[in-house]
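Colleague: I am sharing upload.cif, which consists of mmCIF, C-alpha atoms:
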```
data_coords
#
loop_
_atom_site.label_atom_id
_atom_site.label_comp_id
_atom_site.auth_asym_id
_atom_site.auth_seq_id
_atom_site.Cartn_x
_atom_site.Cartn_y
_atom_site.Cartn_z
CA MET B 80 135.57 81.13 56.12
CA SER B 81 136.13 77.84 57.91
CA LEU B 82 133.27 75.64 59.03
CA ALA B 83 134.07 76.49 62.67
CA HIS B 84 133.93 80.21 61.96
CA TRP B 85 130.70 79.80 60.03
CA CYS B 86 129.11 77.84 62.88
CA ALA B 87 130.24 80.43 65.43
CA ARG B 88 128.79 83.23 63.32
CA LEU B 89 125.51 81.38 62.91
CA ALA B 90 125.30 80.80 66.65
CA ARG B 91 125.90 84.51 67.30
CA VAL B 92 123.22 85.53 64.82
CA SER B 93 120.77 83.08 66.40
CA HIS B 94 121.59 84.35 69.87
CA ASP B 95 121.08 87.97 68.82
CA LEU B 96 117.76 87.05 67.24
CA ASP B 97 116.69 85.19 70.37
CA VAL B 98 117.44 88.24 72.51
CA ARG B 99 115.65 90.56 70.13
CA VAL B 100 112.51 88.41 69.94
CA ARG B 101 112.40 87.64 73.68
CA SER B 102 112.81 91.31 74.55
CA HIS B 103 110.04 92.22 72.10
CA VAL B 104 107.74 89.50 73.43
CA TYR B 105 108.07 90.79 76.97
CA GLY B 106 107.87 94.42 75.94
CA VAL B 107 104.53 93.79 74.24
CA THR B 108 103.24 91.46 76.95
CA MET B 109 104.00 93.92 79.72
CA GLN B 110 102.14 96.62 77.80
CA ARG B 111 98.95 94.67 77.16
CA GLY B 112 98.96 91.56 79.36
CA TYR B 113 99.26 88.80 76.77
CA PRO B 114 102.06 87.80 74.40
CA PRO B 115 102.21 88.62 70.70
CA THR B 116 101.53 86.04 68.03
CA ILE B 117 104.02 84.80 65.47
CA ALA B 118 102.35 86.97 62.82
CA GLU B 119 102.51 90.06 65.02
CA ILE B 120 106.21 89.57 65.75
CA SER B 121 106.92 88.87 62.12
CA ALA B 122 105.34 92.18 61.15
CA ALA B 123 106.81 94.21 64.01
CA LEU B 124 110.39 93.00 63.59
CA SER B 125 110.35 92.42 59.81
CA LEU B 126 111.17 88.75 60.22
CA ALA B 127 109.91 85.76 58.26
CA GLN B 128 107.36 83.79 60.24
CA ALA B 129 109.57 80.71 59.86
CA ASP B 130 112.40 82.60 61.59
CA VAL B 131 110.07 83.63 64.43
CA ARG B 132 108.96 80.01 64.84
CA ALA B 133 112.56 78.80 64.91
CA THR B 134 113.40 81.47 67.48
CA PHE B 135 110.42 80.45 69.62
CA GLU B 136 111.64 76.87 69.55
CA ARG B 137 115.12 77.87 70.71
CA LEU B 138 113.67 80.06 73.47
CA ALA B 139 111.39 77.22 74.55
CA ALA B 140 114.32 74.80 74.58
CA GLY B 141 116.08 77.29 76.86
CA ARG B 142 112.94 77.51 79.04
CA ALA B 143 112.49 81.21 78.31
CA LEU B 144 109.04 80.59 76.78
CA VAL B 145 106.47 77.79 76.78
CA LEU B 146 104.75 77.09 73.46
CA GLN B 147 101.30 75.81 72.60
CA PRO B 148 101.34 72.31 71.17
CA GLY B 149 100.43 72.25 67.50
CA SER B 150 100.34 75.94 66.67
CA GLY B 151 103.75 76.78 68.10
CA GLU B 152 102.37 80.07 69.44
CA ILE B 153 103.33 81.22 72.92
CA LEU B 154 101.43 79.56 75.76
CA MET B 155 103.38 81.12 78.60
CA ALA B 156 105.66 84.12 78.72
CA GLU B 157 106.09 83.63 82.42
CA PRO B 158 104.43 84.88 84.52
CA PHE B 159 101.83 85.75 81.86
CA SER B 160 99.53 83.22 80.21
CA ALA B 161 98.35 83.57 76.62
CA VAL B 162 95.19 81.62 77.43
CA PRO B 163 92.55 81.99 80.14
CA THR B 164 93.41 80.47 83.53
CA PRO B 165 91.81 80.56 86.99
CA PHE B 166 94.21 83.38 87.94
CA VAL B 167 92.89 86.72 86.74
CA VAL B 168 95.12 89.70 87.41
CA GLU B 169 93.65 93.20 87.22
CA VAL B 170 96.55 95.59 86.94
CA GLY B 171 97.00 99.03 85.44
CA GLY B 172 94.66 99.45 82.53
CA PHE B 173 94.00 95.80 81.75
CA SER B 174 93.18 92.34 83.04
CA CYS B 175 95.37 89.39 82.21
CA TYR B 176 96.04 85.82 83.30
CA GLY B 177 98.81 84.35 85.39
CA ASN B 178 99.79 80.71 84.96
CA CYS B 179 99.37 79.92 88.66
CA ILE B 180 99.12 81.73 91.97
CA TRP B 181 102.90 82.28 92.03
CA ASP B 182 102.79 83.78 88.54
CA ALA B 183 99.68 85.86 89.24
CA LEU B 184 101.60 87.56 92.04
CA GLY B 185 104.59 87.70 89.69
CA VAL B 186 102.62 89.81 87.21
CA ALA B 187 102.21 92.51 89.87
CA VAL B 188 105.91 92.26 90.67
CA MET B 189 107.00 92.45 87.06
CA LEU B 190 104.75 95.40 86.26
CA LYS B 191 105.58 97.15 89.55
CA GLN B 192 101.94 98.09 89.99
CA GLU B 193 99.12 97.56 92.40
CA ALA B 194 97.02 94.58 91.39
CA ARG B 195 93.92 92.60 92.26
CA ILE B 196 94.09 88.84 91.79
CA LYS B 197 90.87 86.90 91.40
CA THR B 198 91.07 83.15 91.76
CA ALA B 199 89.14 80.31 93.38
CA CYS B 200 89.94 77.59 95.87
CA GLY B 201 91.45 74.74 93.86
CA ASP B 202 89.24 72.32 95.79
CA CYS B 203 85.80 73.83 96.35
CA GLY B 204 85.80 76.71 93.88
CA MET B 205 85.02 79.41 96.42
CA ALA B 206 86.06 82.80 95.07
CA LEU B 207 89.27 84.13 96.61
CA GLN B 208 90.75 87.54 96.07
CA LEU B 209 94.15 89.02 96.84
CA THR B 210 95.43 92.54 96.50
CA VAL B 211 98.97 93.77 96.01
CA ALA B 212 99.71 97.31 97.11
CA GLY B 213 102.63 99.09 98.65
CA GLY B 214 104.87 96.06 98.30
CA LEU B 215 102.53 93.93 100.39
CA VAL B 216 99.96 91.25 99.63
CA ALA B 217 96.66 90.96 101.47
CA GLY B 218 93.29 89.37 101.03
CA ASP B 219 91.61 86.03 101.54
CA ALA B 220 93.63 83.69 103.71
CA GLY B 221 94.80 80.47 102.13
CA VAL B 222 97.73 78.28 101.19
CA ALA B 223 99.55 77.75 97.89
CA HIS B 224 100.06 74.09 97.05
CA PHE B 225 102.92 72.88 94.89
CA ALA B 226 101.99 69.42 93.68
CA VAL B 227 105.25 68.59 91.92
CA PRO B 228 108.78 68.63 93.39
CA ALA B 229 110.92 71.43 92.00
CA ARG B 230 113.29 69.17 90.07
CA HIS B 231 110.33 67.86 88.05
CA TRP B 232 108.67 71.19 87.25
CA TRP B 233 109.86 71.18 83.65
CA ASN B 234 108.72 67.62 82.99
CA ASP B 235 105.28 69.20 82.42
CA VAL B 236 105.39 72.87 83.32
CA VAL B 237 101.65 73.18 82.71
CA PHE B 238 101.04 70.99 85.78
CA THR B 239 103.12 71.95 88.78
CA MET U 11 100.29 75.67 91.65
CA LEU U 12 96.85 76.41 93.01
CA TYR U 13 95.56 78.49 95.88
CA PHE U 14 93.34 76.82 98.48
CA ARG U 15 91.24 78.08 101.37
CA SER U 16 93.09 75.86 103.83
CA GLU U 17 95.25 72.77 104.24
CA GLU U 18 92.07 70.72 104.67
CA HIS U 19 91.00 71.75 101.19
CA VAL U 20 94.42 70.78 99.83
CA ASP U 21 94.08 67.33 101.38
CA ARG U 22 90.59 66.89 99.97
CA TRP U 23 91.80 67.92 96.52
CA CYS U 24 94.71 65.47 96.73
CA ARG U 25 92.36 62.64 97.70
CA GLN U 26 89.99 63.49 94.87
CA TRP U 27 92.76 63.43 92.27
CA LYS U 28 94.68 60.57 93.91
CA LEU U 29 97.77 62.71 94.30
CA GLU U 30 100.26 62.81 97.10
CA ARG U 31 100.30 66.00 99.08
CA GLY U 32 103.08 68.22 97.76
CA ALA U 33 104.38 71.31 99.52
CA MET U 34 102.40 74.17 100.94
CA LEU U 35 103.42 77.79 101.15
CA THR U 36 101.85 80.54 103.14
CA LEU U 37 100.59 83.54 101.21
CA ASP U 38 103.55 85.54 102.47
CA GLN U 39 106.00 82.86 101.30
CA VAL U 40 104.56 82.69 97.79
CA TRP U 41 104.60 86.50 97.66
CA GLN U 42 108.27 86.53 98.68
CA LEU U 43 108.94 83.90 96.03
CA ALA U 44 107.16 85.95 93.36
CA LYS U 45 109.08 89.08 94.32
CA ALA U 46 112.45 87.37 94.13
CA TRP U 47 111.69 85.37 90.98
CA TYR U 48 110.04 88.04 88.88
CA SER U 49 111.88 91.21 89.86
CA PRO U 50 114.38 91.05 86.98
CA ASP U 51 113.03 92.83 83.90
CA ARG U 52 112.50 90.16 81.25
CA SER U 53 112.12 92.75 78.51
CA ASP U 54 115.72 93.82 79.18
CA PRO U 55 117.98 92.31 76.50
CA ALA U 56 120.48 91.56 79.27
CA TRP U 57 118.00 89.35 81.15
CA ARG U 58 119.02 85.73 81.63
CA ARG U 59 117.57 82.79 83.49
CA PHE U 60 118.74 82.21 87.03
CA THR U 61 121.45 79.63 87.40
CA VAL U 62 120.54 76.61 89.49
CA ASP U 63 122.57 78.01 92.37
CA GLU U 64 120.82 81.37 92.13
CA ALA U 65 117.39 79.75 91.97
CA GLU U 66 118.12 77.49 94.93
CA ALA U 67 119.38 80.50 96.87
CA ILE U 68 116.01 82.18 96.30
CA LEU U 69 114.16 79.10 97.53
CA THR U 70 116.31 78.64 100.61
CA GLY U 71 116.07 82.38 101.29
CA ILE U 72 112.38 82.02 102.02
CA GLY U 73 112.83 78.87 104.05
CA LEU U 74 112.23 76.28 101.34
CA THR U 75 115.04 73.90 102.27
CA ALA U 76 113.36 70.48 102.14
CA PRO U 77 114.42 68.02 99.41
CA PHE U 78 111.13 68.85 97.64
CA TRP U 79 112.73 72.14 96.59
CA ASN U 80 115.97 70.72 95.19
CA LEU U 81 116.29 71.68 91.54
CA LEU U 82 118.61 68.82 90.55
#
```
Could you express the structure from this file as structure tokens?
Modeller:
Amino acid sequence: MSLAHWCARLARVSHDLDVRVRSHVYGVTMQRGYPPTIAEISAALSLAQADVRATFERLAAGRALVLQPGSGEILMAEPFSAVPTPFVVEVGGFSCYGNCIWDALGVAVMLKQEARIKTACGDCGMALQLTVAGGLVAGDAGVAHFAVPARHWWNDVVFT
Amino acid sequence: MLYFRSEEHVDRWCRQWKLERGAMLTLDQVWQLAKAWYSPDRSDPAWRRFTVDEAEAILTGIGLTAPFWNLL
């Protein structure tokens, strides 16, 4: 096998693994509201943890996941957050966290379910609540503020 | 992006954090954005990220046409 063929085969294997892991991550996340850990994926898919980590890094480079600094675990499987945020989404049989107001609404969209979103005014902290039902959103009036221009979102996707 | 009670609260928050005011969406606009952005099933192996053209079409489709929303 030539080097070119070997590289092409390796790329195909990596791509297939990326698809398999991403699909699993979202399958689990959509069932329970938060993404699986490296250890959980390793056990579920019979993969070495090093292979899961490498796959996470490729998916993060492709902006399909956002990873936690240090641990390399998932921080964001958009629109879901792996860590608590000010955007609580009550949907189906569980509560989970969106990364921002856009993503909190996105959880309801992705799960195709009615949802209640509990957040607070970014300025004064007053509790604000929205509901999604019947394809419509209603609740406390307000405005969503995007602090960062779209072309810079991925400079620091945690702050947009 | 955060949710605020009003534009006045956005301005106060920007002053407090010494940030320029960004862009504001109505609740209906951010809901339309969420619907368009997150409708594709990401657990589907065939899922892929939007291309820049597709993403910009979503933004312009809900009236977000200012340079602030340019992706490149």
Colleague: For this structure, which residues satisfy the selection - the PyMOL selection byres ((chain U and resi 14-26) around 9) - when it is evaluated on the file as given? I want them as an mmCIF file with C-alpha atoms, in the frame of the given file.
Modeller:
```cif
data_model
loop_
_atom_site.group_PDB
_atom_site.id
_atom_site.type_symbol
_atom_site.label_atom_id
_atom_site.label_comp_id
_atom_site.auth_asym_id
_atom_site.auth_seq_id
_atom_site.Cartn_x
_atom_site.Cartn_y
_atom_site.Cartn_z
ATOM 1 C CA ALA B 199 89.140 80.310 93.380
ATOM 2 C CA CYS B 200 89.940 77.590 95.870
ATOM 3 C CA GLY B 201 91.450 74.740 93.860
ATOM 4 C CA ASP B 202 89.240 72.320 95.790
ATOM 5 C CA CYS B 203 85.800 73.830 96.350
ATOM 6 C CA GLY B 204 85.800 76.710 93.880
ATOM 7 C CA MET B 205 85.020 79.410 96.420
ATOM 8 C CA LEU B 207 89.270 84.130 96.610
ATOM 9 C CA ASP B 219 91.610 86.030 101.540
ATOM 10 C CA ALA B 220 93.630 83.690 103.710
ATOM 11 C CA GLY B 221 94.800 80.470 102.130
ATOM 12 C CA VAL B 222 97.730 78.280 101.190
ATOM 13 C CA ALA B 223 99.550 77.750 97.890
ATOM 14 C CA HIS B 224 100.060 74.090 97.050
ATOM 15 C CA ALA B 226 101.990 69.420 93.680
ATOM 16 C CA LEU U 12 96.850 76.410 93.010
ATOM 17 C CA TYR U 13 95.560 78.490 95.880
ATOM 18 C CA TRP U 27 92.760 63.430 92.270
ATOM 19 C CA LYS U 28 94.680 60.570 93.910
ATOM 20 C CA LEU U 29 97.770 62.710 94.300
ATOM 21 C CA GLU U 30 100.260 62.810 97.100
ATOM 22 C CA ARG U 31 100.300 66.000 99.080
ATOM 23 C CA GLY U 32 103.080 68.220 97.760
ATOM 24 C CA MET U 34 102.400 74.170 100.940
#
```
Colleague: May I have the residues within 8 Å of stretch 61-66 of chain U as a list in words, using only C-alpha atoms and disregarding those fewer than 5 positions away in the same chain?
Modeller: Trp79, Asn80 and Leu81 of chain U
Colleague: Pull the neighbourhood of (103.0, 94.4, 86.5) for me: all residues within 12 Å in file coordinates, counting all atoms listed in the file, as an MDAnalysis selection string.
Modeller: (chainID B and resid 105:106 108:113 157:159 168:177 182:196 211:212) or (chainID U and resid 44:45 48:52)
Colleague: Quote the spacing between atom CA of B:Phe166 and atom CA of U:Leu37 in Å to one decimal place.
Modeller: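 Atom CA of B:Phe166 sits 14.7 Å away from atom CA of U:Leu37.
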Colleague: Once the PyMOL selection byres ((chain B and resi 133) around 12) is applied to the coordinates I shared, what remains selected? I want it as an MDAnalysis selection string.
Modeller: chainID B and resid 93:94 96:97 100 117 121 126:132 134:140 146 151:152
Colleague: Let me make sure I understand: among U:Arg58, U:Ile72, U:Pro77, U:Ser53, which one has the smallest atom-to-atom distance to U:Asp38 if we use only C-alpha atoms?
Modeller: U:Ile72
Colleague: Using only C-alpha atoms, find the one residue out of U:Ala76, U:Gly71, U:Asp54, U:Gln42 that sits nearest to chain B.
Modeller: U:Asp54
Colleague: Find the distance between atom CA of B:Ser125 and atom CA of B:Val104 and write it in Å to one decimal.
Modeller: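 Separating atom CA of B:Ser125 from atom CA of B:Val104 is a distance of 14.2 Å.
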Colleague: Just to confirm, what's the straight-line distance from atom CA of B:Pro114 to atom CA of B:Val162 in Å (one decimal)?
Modeller: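 Atom-to-atom, atom CA of B:Pro114 to atom CA of B:Val162, that is 9.7 Å.
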Colleague: Taking all atoms listed in the file into account, which of B:Gly141, B:Leu124, B:Gly149, B:Asn234 comes nearest chain U?
Modeller: B:Gly141
Colleague: Pick from B:Ala161, B:Ala156, B:Val98, B:Val92: nearest to chain U, with only C-alpha atoms counted?
Modeller: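 Once distances to chain U are computed over only C-alpha atoms, the minimum belongs to B:Val98.
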Colleague: Can you patch up stretch 106-141 of chain B, filling it in to N, CA and C atoms, and show the result as a PDB file, in the frame of the given file?
Modeller:
```pdb
ATOM      1  N   GLY B 106     108.279  93.021  76.045  1.00  0.00           N
ATOM      2  CA  GLY B 106     107.870  94.420  75.940  1.00  0.00           C
ATOM      3  C   GLY B 106     106.398  94.548  75.609  1.00  0.00           C
ATOM      4  N   VAL B 107     105.947  93.759  74.631  1.00  0.00           N
ATOM      5  CA  VAL B 107     104.530  93.790  74.240  1.00  0.00           C
ATOM      6  C   VAL B 107     103.649  93.244  75.358  1.00  0.00           C
ATOM      7  N   THR B 108     104.059  92.119  75.922  1.00  0.00           N
ATOM      8  CA  THR B 108     103.240  91.460  76.950  1.00  0.00           C
ATOM      9  C   THR B 108     103.054  92.362  78.162  1.00  0.00           C
ATOM     10  N   MET B 109     104.101  93.057  78.535  1.00  0.00           N
ATOM     11  CA  MET B 109     104.000  93.920  79.720  1.00  0.00           C
ATOM     12  C   MET B 109     103.158  95.159  79.431  1.00  0.00           C
ATOM     13  N   GLN B 110     102.984  95.477  78.163  1.00  0.00           N
ATOM     14  CA  GLN B 110     102.140  96.620  77.800  1.00  0.00           C
ATOM     15  C   GLN B 110     100.658  96.257  77.763  1.00  0.00           C
ATOM     16  N   ARG B 111     100.361  94.989  77.388  1.00  0.00           N
ATOM     17  CA  ARG B 111      98.950  94.670  77.160  1.00  0.00           C
ATOM     18  C   ARG B 111      98.455  93.428  77.916  1.00  0.00           C
ATOM     19  N   GLY B 112      99.370  92.666  78.504  1.00  0.00           N
ATOM     20  CA  GLY B 112      98.960  91.560  79.360  1.00  0.00           C
ATOM     21  C   GLY B 112      98.948  90.194  78.711  1.00  0.00           C
ATOM     22  N   TYR B 113      99.187  90.112  77.436  1.00  0.00           N
ATOM     23  CA  TYR B 113      99.260  88.800  76.770  1.00  0.00           C
ATOM     24  C   TYR B 113     100.297  88.882  75.643  1.00  0.00           C
ATOM     25  N   PRO B 114     100.927  87.761  75.341  1.00  0.00           N
ATOM     26  CA  PRO B 114     102.060  87.800  74.400  1.00  0.00           C
ATOM     27  C   PRO B 114     101.626  87.943  72.957  1.00  0.00           C
ATOM     28  N   PRO B 115     102.515  88.467  72.132  1.00  0.00           N
ATOM     29  CA  PRO B 115     102.210  88.620  70.700  1.00  0.00           C
ATOM     30  C   PRO B 115     102.243  87.270  69.984  1.00  0.00           C
ATOM     31  N   THR B 116     101.543  87.246  68.862  1.00  0.00           N
ATOM     32  CA  THR B 116     101.530  86.040  68.030  1.00  0.00           C
ATOM     33  C   THR B 116     102.752  86.039  67.102  1.00  0.00           C
ATOM     34  N   ILE B 117     102.941  84.910  66.458  1.00  0.00           N
ATOM     35  CA  ILE B 117     104.020  84.800  65.470  1.00  0.00           C
ATOM     36  C   ILE B 117     103.836  85.850  64.372  1.00  0.00           C
ATOM     37  N   ALA B 118     102.604  85.993  63.889  1.00  0.00           N
ATOM     38  CA  ALA B 118     102.350  86.970  62.820  1.00  0.00           C
ATOM     39  C   ALA B 118     102.635  88.391  63.282  1.00  0.00           C
ATOM     40  N   GLU B 119     102.262  88.712  64.511  1.00  0.00           N
ATOM     41  CA  GLU B 119     102.510  90.060  65.020  1.00  0.00           C
ATOM     42  C   GLU B 119     104.011  90.349  65.132  1.00  0.00           C
ATOM     43  N   ILE B 120     104.758  89.372  65.608  1.00  0.00           N
ATOM     44  CA  ILE B 120     106.210  89.570  65.750  1.00  0.00           C
ATOM     45  C   ILE B 120     106.859  89.675  64.383  1.00  0.00           C
ATOM     46  N   SER B 121     106.399  88.831  63.481  1.00  0.00           N
ATOM     47  CA  SER B 121     106.920  88.870  62.120  1.00  0.00           C
ATOM     48  C   SER B 121     106.766  90.266  61.530  1.00  0.00           C
ATOM     49  N   ALA B 122     105.595  90.846  61.714  1.00  0.00           N
ATOM     50  CA  ALA B 122     105.340  92.180  61.150  1.00  0.00           C
ATOM     51  C   ALA B 122     106.122  93.258  61.896  1.00  0.00           C
ATOM     52  N   ALA B 123     106.168  93.151  63.215  1.00  0.00           N
ATOM     53  CA  ALA B 123     106.810  94.210  64.010  1.00  0.00           C
ATOM     54  C   ALA B 123     108.325  94.243  63.821  1.00  0.00           C
ATOM     55  N   LEU B 124     108.928  93.063  63.667  1.00  0.00           N
ATOM     56  CA  LEU B 124     110.390  93.000  63.590  1.00  0.00           C
ATOM     57  C   LEU B 124     110.897  92.722  62.170  1.00  0.00           C
ATOM     58  N   SER B 125     109.979  92.692  61.214  1.00  0.00           N
ATOM     59  CA  SER B 125     110.350  92.420  59.810  1.00  0.00           C
ATOM     60  C   SER B 125     111.135  91.115  59.688  1.00  0.00           C
ATOM     61  N   LEU B 126     110.557  90.081  60.281  1.00  0.00           N
ATOM     62  CA  LEU B 126     111.170  88.750  60.220  1.00  0.00           C
ATOM     63  C   LEU B 126     110.204  87.796  59.509  1.00  0.00           C
ATOM     64  N   ALA B 127     110.762  86.806  58.836  1.00  0.00           N
ATOM     65  CA  ALA B 127     109.910  85.760  58.260  1.00  0.00           C
ATOM     66  C   ALA B 127     109.269  84.974  59.397  1.00  0.00           C
ATOM     67  N   GLN B 128     108.034  84.550  59.185  1.00  0.00           N
ATOM     68  CA  GLN B 128     107.360  83.790  60.240  1.00  0.00           C
ATOM     69  C   GLN B 128     108.128  82.517  60.586  1.00  0.00           C
ATOM     70  N   ALA B 129     108.777  81.919  59.595  1.00  0.00           N
ATOM     71  CA  ALA B 129     109.570  80.710  59.860  1.00  0.00           C
ATOM     72  C   ALA B 129     110.723  81.021  60.819  1.00  0.00           C
ATOM     73  N   ASP B 130     111.308  82.210  60.682  1.00  0.00           N
ATOM     74  CA  ASP B 130     112.400  82.600  61.590  1.00  0.00           C
ATOM     75  C   ASP B 130     111.871  82.840  63.006  1.00  0.00           C
ATOM     76  N   VAL B 131     110.664  83.413  63.103  1.00  0.00           N
ATOM     77  CA  VAL B 131     110.070  83.630  64.430  1.00  0.00           C
ATOM     78  C   VAL B 131     109.793  82.273  65.080  1.00  0.00           C
ATOM     79  N   ARG B 132     109.241  81.346  64.304  1.00  0.00           N
ATOM     80  CA  ARG B 132     108.960  80.010  64.840  1.00  0.00           C
ATOM     81  C   ARG B 132     110.248  79.333  65.323  1.00  0.00           C
ATOM     82  N   ALA B 133     111.279  79.431  64.525  1.00  0.00           N
ATOM     83  CA  ALA B 133     112.560  78.800  64.910  1.00  0.00           C
ATOM     84  C   ALA B 133     113.107  79.452  66.177  1.00  0.00           C
ATOM     85  N   THR B 134     112.938  80.762  66.282  1.00  0.00           N
ATOM     86  CA  THR B 134     113.400  81.470  67.480  1.00  0.00           C
ATOM     87  C   THR B 134     112.583  81.038  68.690  1.00  0.00           C
ATOM     88  N   PHE B 135     111.284  80.946  68.530  1.00  0.00           N
ATOM     89  CA  PHE B 135     110.420  80.450  69.620  1.00  0.00           C
ATOM     90  C   PHE B 135     110.909  79.085  70.098  1.00  0.00           C
ATOM     91  N   GLU B 136     111.233  78.228  69.162  1.00  0.00           N
ATOM     92  CA  GLU B 136     111.640  76.870  69.550  1.00  0.00           C
ATOM     93  C   GLU B 136     112.948  76.889  70.334  1.00  0.00           C
ATOM     94  N   ARG B 137     113.873  77.762  69.934  1.00  0.00           N
ATOM     95  CA  ARG B 137     115.120  77.870  70.710  1.00  0.00           C
ATOM     96  C   ARG B 137     114.843  78.438  72.097  1.00  0.00           C
ATOM     97  N   LEU B 138     113.987  79.462  72.167  1.00  0.00           N
ATOM     98  CA  LEU B 138     113.670  80.060  73.470  1.00  0.00           C
ATOM     99  C   LEU B 138     112.938  79.057  74.366  1.00  0.00           C
ATOM    100  N   ALA B 139     112.087  78.242  73.769  1.00  0.00           N
ATOM    101  CA  ALA B 139     111.390  77.220  74.550  1.00  0.00           C
ATOM    102  C   ALA B 139     112.370  76.157  75.038  1.00  0.00           C
ATOM    103  N   ALA B 140     113.305  75.791  74.173  1.00  0.00           N
ATOM    104  CA  ALA B 140     114.320  74.800  74.580  1.00  0.00           C
ATOM    105  C   ALA B 140     115.142  75.343  75.746  1.00  0.00           C
ATOM    106  N   GLY B 141     115.343  76.657  75.771  1.00  0.00           N
ATOM    107  CA  GLY B 141     116.080  77.290  76.860  1.00  0.00           C
ATOM    108  C   GLY B 141     115.190  77.682  78.029  1.00  0.00           C
TER     109      GLY B 141
END
```
